[in-house]
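Peer 1: Next up is a structure, given as structure tokens.
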There are 2 protein chains.
Amino acid sequence: MELFEAITKRHCYRGQFRDEPVKREDLTKIVQAGLDAPSGCNRQTTTFVVVDEPKLVSEIAKMHPANKGMFTAKAFIACIINRVHKPVYEGTMSFEVEDCSTAVQNMLLAITALGYAGGWIDGWLRVGEHNETIGNMLGVPQDKIVRVIIPIGIPAEDVKPPLKMPFDERAWFNKYKL
Amino acid sequence: MELFEAITKRHCYRGQFRDEPVKREDLTKIVQAGLDAPSGCNRQTTTFVVVDEPKLVSEIAKMHPANKGMFTAKAFIACIINRVHKPVYEGTMSFEVEDCSTAVQNMLLAITALGYAGGWIDGWLRVGEHNETIGNMLGVPQDKIVRVIIPIGIPAEDVKPPLKMPFDERAWFNKYKL
């Protein structure tokens, strides 16, 4: 798929997924897009566990029955970062949230281009320690934490992407407009 | 350009740019890719000032003569977020760094697809208050801050992208491997 088509088609899918698996070959391509994302000082701080073992998928899925996308997902990608972010610039600055975010965005674009849909699940993981539960299920080391999970599948519904503000409300040439 | 080609070709360019302008039409497409990026709870917290006025470009460029990419850039995109990040989820969580990062990544992919090169300048902005100086030059309101700037131009050099770790050192199926 052409880049700009993938960028405009991508959205956080919250509908039901079809009862069809995500090919492992496609999951590999999707994660490779995440690995190819930029990272601060090229430290590549994000690691990934791809969940496609049906029992494990179903255990994670049922943690959030209210989210149709997550509940019916056919695979997940867990994006993992250090619990304590390591400074990599000027002795104080770390970019692990940025690193993880760019990887997620590349993967969401890849998911779209390959005919699947996905979502970005982040805040929910930090409520009720869902990140700890999922981390333990996947054998994530104690010094690392699941920051984002992406449910993936073939979309079964047409879902209207959220509305975006027009260009001139968020972007200007040469001077900020209040 | 095809999505996966853009993903693998994109890298933080630090070489010199050619002495040719970036078309405003292309800058608009690039920023539109940033506007189309996902944001936590669709709050679209990142705003953008595109700098293509030659005097302003040169004033920003000369702030970092050591960075050939920045010093010879033909345009910049300043990505602006709130100084104090607003909670948007469960009363405490905000995602402004994530929002800005996904916008930057979409724009870097767009820059690549349109035949330009760009870089992600982040940490340097927070050293010596470069973010304040640039914010003042662009009329950024006091409650907001320039988080990232992207220098853009047509690359004049072949630059080797940084090496990436292989797949199986950062990604695994169903279980984290130590």
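Residue numbers start at 1 in each chain; chains themselves are named A, B, ... in the order of the structure tokens; ligands are numbered from 1 in the order shown.
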Run DSSP on the backbone and grab whatever in region 69-122 of chain B lands in strand (DSSP E or B); send it over as a ChimeraX atom specification.
Peer 2: /B:75-82,89,93,117-118,121
Peer 1: Store the residues of this selection in a file with C-alpha atoms, as a PDB file, in the first residue's frame.
Peer 2:
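See selection33.pdb below for the written result:
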```pdb
ATOM      1  CA  ALA B  75      12.937  24.186   6.093  1.00  0.00           C
ATOM      2  CA  PHE B  76      12.032  23.147   9.612  1.00  0.00           C
ATOM      3  CA  ILE B  77       8.916  21.786  11.209  1.00  0.00           C
ATOM      4  CA  ALA B  78       8.571  22.726  14.880  1.00  0.00           C
ATOM      5  CA  CYS B  79       6.368  20.312  16.846  1.00  0.00           C
ATOM      6  CA  ILE B  80       4.773  21.976  19.842  1.00  0.00           C
ATOM      7  CA  ILE B  81       3.113  20.477  22.909  1.00  0.00           C
ATOM      8  CA  ASN B  82       1.751  21.803  26.191  1.00  0.00           C
ATOM      9  CA  TYR B  89      -7.427   9.338  30.770  1.00  0.00           C
ATOM     10  CA  MET B  93      -2.659  10.020  32.390  1.00  0.00           C
ATOM     11  CA  ALA B 117      15.455  13.689   4.119  1.00  0.00           C
ATOM     12  CA  GLY B 118      14.894  14.845   7.651  1.00  0.00           C
ATOM     13  CA  ILE B 121      16.024  16.887  16.903  1.00  0.00           C
TER      14      ILE B 121
END
```
Peer 1: Please return, as a PyMOL selection string, all residues of chain A lying within 8 Å of chain B when only C-alpha atoms are considered.
Peer 2: chain A and resi 1-4+6-8+11-12+31-33+35-38+42+44+46-53+56+89+93+97-98+101-102+105-106+109-110+113+123+138-141+162+164-165+167+170-178
Peer 1: All in-order C-alpha pairs, least squares, chain B moved onto chain A. Output the fitted coordinates as a PDB file with C-alpha atoms, in the first residue's frame, please.
Peer 2:
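The new file selection_33.pdb reads:
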```pdb
ATOM      1  CA  MET B   1       0.011   0.005   0.017  1.00  0.00           C
ATOM      2  CA  GLU B   2       1.167   3.504  -0.782  1.00  0.00           C
ATOM      3  CA  LEU B   3       2.441   5.387   2.292  1.00  0.00           C
ATOM      4  CA  PHE B   4      -0.095   8.234   2.320  1.00  0.00           C
ATOM      5  CA  GLU B   5      -2.961   5.803   1.821  1.00  0.00           C
ATOM      6  CA  ALA B   6      -1.783   3.791   4.837  1.00  0.00           C
ATOM      7  CA  ILE B   7      -1.448   6.996   6.892  1.00  0.00           C
ATOM      8  CA  THR B   8      -5.007   8.138   6.158  1.00  0.00           C
ATOM      9  CA  LYS B   9      -6.586   4.677   6.425  1.00  0.00           C
ATOM     10  CA  ARG B  10      -4.969   3.842   9.779  1.00  0.00           C
ATOM     11  CA  HIS B  11      -7.184   4.341  12.812  1.00  0.00           C
ATOM     12  CA  CYS B  12      -7.587   2.771  16.228  1.00  0.00           C
ATOM     13  CA  TYR B  13     -10.066   0.021  15.427  1.00  0.00           C
ATOM     14  CA  ARG B  14     -12.439  -0.752  18.284  1.00  0.00           C
ATOM     15  CA  GLY B  15     -14.902  -3.019  16.464  1.00  0.00           C
ATOM     16  CA  GLN B  16     -15.065  -6.807  16.354  1.00  0.00           C
ATOM     17  CA  PHE B  17     -12.543  -8.875  14.446  1.00  0.00           C
ATOM     18  CA  ARG B  18     -13.384 -11.777  12.128  1.00  0.00           C
ATOM     19  CA  ASP B  19     -12.732 -15.273  13.385  1.00  0.00           C
ATOM     20  CA  GLU B  20      -9.683 -15.708  11.151  1.00  0.00           C
ATOM     21  CA  PRO B  21      -6.052 -15.939  12.236  1.00  0.00           C
ATOM     22  CA  VAL B  22      -3.332 -13.401  11.551  1.00  0.00           C
ATOM     23  CA  LYS B  23      -0.624 -15.092   9.471  1.00  0.00           C
ATOM     24  CA  ARG B  24       2.684 -15.464  11.271  1.00  0.00           C
ATOM     25  CA  GLU B  25       4.441 -14.244   8.145  1.00  0.00           C
ATOM     26  CA  ASP B  26       2.407 -11.019   8.400  1.00  0.00           C
ATOM     27  CA  LEU B  27       3.049 -10.676  12.137  1.00  0.00           C
ATOM     28  CA  THR B  28       6.761 -10.911  11.388  1.00  0.00           C
ATOM     29  CA  LYS B  29       6.502  -8.137   8.771  1.00  0.00           C
ATOM     30  CA  ILE B  30       4.520  -5.980  11.195  1.00  0.00           C
ATOM     31  CA  VAL B  31       7.072  -6.364  13.990  1.00  0.00           C
ATOM     32  CA  GLN B  32       9.919  -5.743  11.550  1.00  0.00           C
ATOM     33  CA  ALA B  33       8.298  -2.354  10.846  1.00  0.00           C
ATOM     34  CA  GLY B  34       8.475  -1.704  14.608  1.00  0.00           C
ATOM     35  CA  LEU B  35      12.134  -2.723  14.714  1.00  0.00           C
ATOM     36  CA  ASP B  36      12.838  -0.318  11.834  1.00  0.00           C
ATOM     37  CA  ALA B  37      11.413   2.674  13.732  1.00  0.00           C
ATOM     38  CA  PRO B  38      13.756   5.410  14.942  1.00  0.00           C
ATOM     39  CA  SER B  39      14.911   5.535  18.558  1.00  0.00           C
ATOM     40  CA  GLY B  40      16.767   8.150  20.576  1.00  0.00           C
ATOM     41  CA  CYS B  41      20.520   7.750  19.939  1.00  0.00           C
ATOM     42  CA  ASN B  42      19.595   4.521  18.080  1.00  0.00           C
ATOM     43  CA  ARG B  43      19.332   2.652  21.411  1.00  0.00           C
ATOM     44  CA  GLN B  44      16.395   0.508  20.198  1.00  0.00           C
ATOM     45  CA  THR B  45      14.958   0.330  23.720  1.00  0.00           C
ATOM     46  CA  THR B  46      11.617  -1.275  22.835  1.00  0.00           C
ATOM     47  CA  THR B  47      11.298  -5.052  22.701  1.00  0.00           C
ATOM     48  CA  PHE B  48       8.294  -7.039  21.491  1.00  0.00           C
ATOM     49  CA  VAL B  49       6.432 -10.204  22.333  1.00  0.00           C
ATOM     50  CA  VAL B  50       4.035 -11.298  19.595  1.00  0.00           C
ATOM     51  CA  VAL B  51       1.183 -13.335  21.019  1.00  0.00           C
ATOM     52  CA  ASP B  52      -0.472 -15.724  18.576  1.00  0.00           C
ATOM     53  CA  GLU B  53      -0.819 -18.877  20.674  1.00  0.00           C
ATOM     54  CA  PRO B  54      -4.651 -19.188  20.847  1.00  0.00           C
ATOM     55  CA  LYS B  55      -4.891 -19.923  24.611  1.00  0.00           C
ATOM     56  CA  LEU B  56      -2.613 -17.012  25.473  1.00  0.00           C
ATOM     57  CA  VAL B  57      -4.477 -14.700  23.054  1.00  0.00           C
ATOM     58  CA  SER B  58      -7.780 -15.630  24.681  1.00  0.00           C
ATOM     59  CA  GLU B  59      -6.440 -15.108  28.229  1.00  0.00           C
ATOM     60  CA  ILE B  60      -5.310 -11.588  27.362  1.00  0.00           C
ATOM     61  CA  ALA B  61      -8.455 -10.858  25.340  1.00  0.00           C
ATOM     62  CA  LYS B  62     -10.837 -11.686  28.174  1.00  0.00           C
ATOM     63  CA  MET B  63      -9.160  -9.174  30.493  1.00  0.00           C
ATOM     64  CA  HIS B  64     -11.069  -6.410  28.703  1.00  0.00           C
ATOM     65  CA  PRO B  65     -14.481  -7.726  27.561  1.00  0.00           C
ATOM     66  CA  ALA B  66     -15.773  -4.153  27.126  1.00  0.00           C
ATOM     67  CA  ASN B  67     -13.324  -3.490  24.298  1.00  0.00           C
ATOM     68  CA  LYS B  68     -14.685  -5.452  21.328  1.00  0.00           C
ATOM     69  CA  GLY B  69     -11.424  -5.089  19.429  1.00  0.00           C
ATOM     70  CA  MET B  70      -9.350  -6.451  22.264  1.00  0.00           C
ATOM     71  CA  PHE B  71     -11.933  -9.113  23.226  1.00  0.00           C
ATOM     72  CA  THR B  72     -12.039 -10.595  19.724  1.00  0.00           C
ATOM     73  CA  ALA B  73      -8.403 -10.023  18.729  1.00  0.00           C
ATOM     74  CA  LYS B  74      -6.627 -12.863  16.940  1.00  0.00           C
ATOM     75  CA  ALA B  75      -3.142 -11.764  17.978  1.00  0.00           C
ATOM     76  CA  PHE B  76      -1.469  -9.180  20.171  1.00  0.00           C
ATOM     77  CA  ILE B  77       1.846  -7.416  20.058  1.00  0.00           C
ATOM     78  CA  ALA B  78       3.148  -6.434  23.495  1.00  0.00           C
ATOM     79  CA  CYS B  79       5.601  -3.516  23.393  1.00  0.00           C
ATOM     80  CA  ILE B  80       7.993  -3.578  26.319  1.00  0.00           C
ATOM     81  CA  ILE B  81      10.253  -0.870  27.721  1.00  0.00           C
ATOM     82  CA  ASN B  82      12.469  -0.482  30.775  1.00  0.00           C
ATOM     83  CA  ARG B  83      10.660   0.251  34.063  1.00  0.00           C
ATOM     84  CA  VAL B  84      13.304   2.875  34.838  1.00  0.00           C
ATOM     85  CA  HIS B  85      14.193   4.719  31.641  1.00  0.00           C
ATOM     86  CA  LYS B  86      17.932   4.854  30.994  1.00  0.00           C
ATOM     87  CA  PRO B  87      19.440   8.273  30.250  1.00  0.00           C
ATOM     88  CA  VAL B  88      21.081   8.258  26.811  1.00  0.00           C
ATOM     89  CA  TYR B  89      21.637  11.972  26.147  1.00  0.00           C
ATOM     90  CA  GLU B  90      23.469  14.579  28.223  1.00  0.00           C
ATOM     91  CA  GLY B  91      23.385  12.226  31.193  1.00  0.00           C
ATOM     92  CA  THR B  92      19.742  12.910  32.022  1.00  0.00           C
ATOM     93  CA  MET B  93      17.471  12.501  29.010  1.00  0.00           C
ATOM     94  CA  SER B  94      15.842   9.265  27.934  1.00  0.00           C
ATOM     95  CA  PHE B  95      13.523   8.690  25.010  1.00  0.00           C
ATOM     96  CA  GLU B  96      11.942   5.312  25.733  1.00  0.00           C
ATOM     97  CA  VAL B  97       8.364   6.578  25.436  1.00  0.00           C
ATOM     98  CA  GLU B  98       9.236   8.178  22.089  1.00  0.00           C
ATOM     99  CA  ASP B  99      11.017   4.996  20.950  1.00  0.00           C
ATOM    100  CA  CYS B 100       8.004   2.842  21.832  1.00  0.00           C
ATOM    101  CA  SER B 101       5.538   5.274  20.230  1.00  0.00           C
ATOM    102  CA  THR B 102       7.324   5.384  16.878  1.00  0.00           C
ATOM    103  CA  ALA B 103       7.522   1.582  16.846  1.00  0.00           C
ATOM    104  CA  VAL B 104       3.791   1.343  17.568  1.00  0.00           C
ATOM    105  CA  GLN B 105       2.990   3.830  14.816  1.00  0.00           C
ATOM    106  CA  ASN B 106       5.105   1.957  12.239  1.00  0.00           C
ATOM    107  CA  MET B 107       3.351  -1.274  13.240  1.00  0.00           C
ATOM    108  CA  LEU B 108      -0.143   0.271  12.997  1.00  0.00           C
ATOM    109  CA  LEU B 109       0.703   1.460   9.483  1.00  0.00           C
ATOM    110  CA  ALA B 110       1.996  -2.011   8.572  1.00  0.00           C
ATOM    111  CA  ILE B 111      -1.160  -3.595  10.027  1.00  0.00           C
ATOM    112  CA  THR B 112      -3.273  -1.293   7.841  1.00  0.00           C
ATOM    113  CA  ALA B 113      -1.211  -1.943   4.708  1.00  0.00           C
ATOM    114  CA  LEU B 114      -1.504  -5.710   5.138  1.00  0.00           C
ATOM    115  CA  GLY B 115      -5.316  -5.588   5.360  1.00  0.00           C
ATOM    116  CA  TYR B 116      -5.668  -5.969   9.115  1.00  0.00           C
ATOM    117  CA  ALA B 117      -6.766  -3.485  11.753  1.00  0.00           C
ATOM    118  CA  GLY B 118      -5.275  -2.772  15.130  1.00  0.00           C
ATOM    119  CA  GLY B 119      -5.557  -0.537  18.142  1.00  0.00           C
ATOM    120  CA  TRP B 120      -3.238   1.249  20.569  1.00  0.00           C
ATOM    121  CA  ILE B 121      -3.950   0.120  24.125  1.00  0.00           C
ATOM    122  CA  ASP B 122      -1.908   2.056  26.614  1.00  0.00           C
ATOM    123  CA  GLY B 123      -3.612   3.827  29.566  1.00  0.00           C
ATOM    124  CA  TRP B 124      -5.818   0.816  30.371  1.00  0.00           C
ATOM    125  CA  LEU B 125      -2.690  -1.290  30.971  1.00  0.00           C
ATOM    126  CA  ARG B 126      -1.701   0.982  33.835  1.00  0.00           C
ATOM    127  CA  VAL B 127      -5.106   0.691  35.521  1.00  0.00           C
ATOM    128  CA  GLY B 128      -5.498  -2.320  37.852  1.00  0.00           C
ATOM    129  CA  GLU B 129      -1.976  -3.454  36.984  1.00  0.00           C
ATOM    130  CA  HIS B 130      -2.985  -5.141  33.735  1.00  0.00           C
ATOM    131  CA  ASN B 131       0.581  -4.495  32.542  1.00  0.00           C
ATOM    132  CA  GLU B 132       1.947  -6.608  35.434  1.00  0.00           C
ATOM    133  CA  THR B 133      -0.470  -9.466  34.719  1.00  0.00           C
ATOM    134  CA  ILE B 134       0.333  -9.539  31.014  1.00  0.00           C
ATOM    135  CA  GLY B 135       4.061  -9.124  31.717  1.00  0.00           C
ATOM    136  CA  ASN B 136       3.983 -12.179  33.988  1.00  0.00           C
ATOM    137  CA  MET B 137       2.064 -14.237  31.407  1.00  0.00           C
ATOM    138  CA  LEU B 138       4.710 -13.455  28.783  1.00  0.00           C
ATOM    139  CA  GLY B 139       7.760 -13.882  31.025  1.00  0.00           C
ATOM    140  CA  VAL B 140       8.766 -10.232  30.815  1.00  0.00           C
ATOM    141  CA  PRO B 141      11.731  -9.593  33.166  1.00  0.00           C
ATOM    142  CA  GLN B 142      11.057  -7.642  36.374  1.00  0.00           C
ATOM    143  CA  ASP B 143      13.021  -4.588  35.245  1.00  0.00           C
ATOM    144  CA  LYS B 144      10.811  -4.179  32.165  1.00  0.00           C
ATOM    145  CA  ILE B 145       7.147  -3.379  31.691  1.00  0.00           C
ATOM    146  CA  VAL B 146       4.500  -3.806  29.003  1.00  0.00           C
ATOM    147  CA  ARG B 147       3.838  -0.236  27.911  1.00  0.00           C
ATOM    148  CA  VAL B 148       1.484  -0.806  24.948  1.00  0.00           C
ATOM    149  CA  ILE B 149      -0.425  -3.740  23.527  1.00  0.00           C
ATOM    150  CA  ILE B 150      -1.797  -3.862  20.001  1.00  0.00           C
ATOM    151  CA  PRO B 151      -4.759  -6.169  19.307  1.00  0.00           C
ATOM    152  CA  ILE B 152      -4.763  -7.327  15.676  1.00  0.00           C
ATOM    153  CA  GLY B 153      -7.210  -9.054  13.385  1.00  0.00           C
ATOM    154  CA  ILE B 154      -9.231  -8.725  10.205  1.00  0.00           C
ATOM    155  CA  PRO B 155     -11.903  -6.107  10.867  1.00  0.00           C
ATOM    156  CA  ALA B 156     -15.491  -7.403  10.772  1.00  0.00           C
ATOM    157  CA  GLU B 157     -17.156  -3.985  10.953  1.00  0.00           C
ATOM    158  CA  ASP B 158     -16.960  -0.632   9.226  1.00  0.00           C
ATOM    159  CA  VAL B 159     -15.960   1.773  11.933  1.00  0.00           C
ATOM    160  CA  LYS B 160     -15.889   5.506  11.389  1.00  0.00           C
ATOM    161  CA  PRO B 161     -12.446   6.848  12.273  1.00  0.00           C
ATOM    162  CA  PRO B 162     -12.486   9.752  14.761  1.00  0.00           C
ATOM    163  CA  LEU B 163     -12.767  13.249  13.325  1.00  0.00           C
ATOM    164  CA  LYS B 164      -9.594  15.297  13.033  1.00  0.00           C
ATOM    165  CA  MET B 165      -9.244  19.055  13.347  1.00  0.00           C
ATOM    166  CA  PRO B 166      -8.602  20.901  10.070  1.00  0.00           C
ATOM    167  CA  PHE B 167      -5.069  21.851   9.044  1.00  0.00           C
ATOM    168  CA  ASP B 168      -5.263  25.555   9.925  1.00  0.00           C
ATOM    169  CA  GLU B 169      -6.387  24.878  13.489  1.00  0.00           C
ATOM    170  CA  ARG B 170      -3.190  22.949  14.245  1.00  0.00           C
ATOM    171  CA  ALA B 171      -0.532  24.038  11.760  1.00  0.00           C
ATOM    172  CA  TRP B 172       0.752  27.354  10.458  1.00  0.00           C
ATOM    173  CA  PHE B 173       3.609  28.714   8.374  1.00  0.00           C
ATOM    174  CA  ASN B 174       6.384  30.678  10.099  1.00  0.00           C
ATOM    175  CA  LYS B 175       4.313  31.897  13.057  1.00  0.00           C
ATOM    176  CA  TYR B 176       2.073  30.296  15.670  1.00  0.00           C
ATOM    177  CA  LYS B 177      -1.522  31.506  15.344  1.00  0.00           C
ATOM    178  CA  LEU B 178      -3.512  31.821  18.543  1.00  0.00           C
TER     179      LEU B 178
END
```
Peer 1: Extract the full set of alpha helix (DSSP H) residues from chain A according to DSSP on the backbone, and format it as a VMD selection string.
Peer 2: chain A and resid 3 to 9 24 to 35 54 to 61 68 to 71 96 to 113 130 to 137 167 to 170
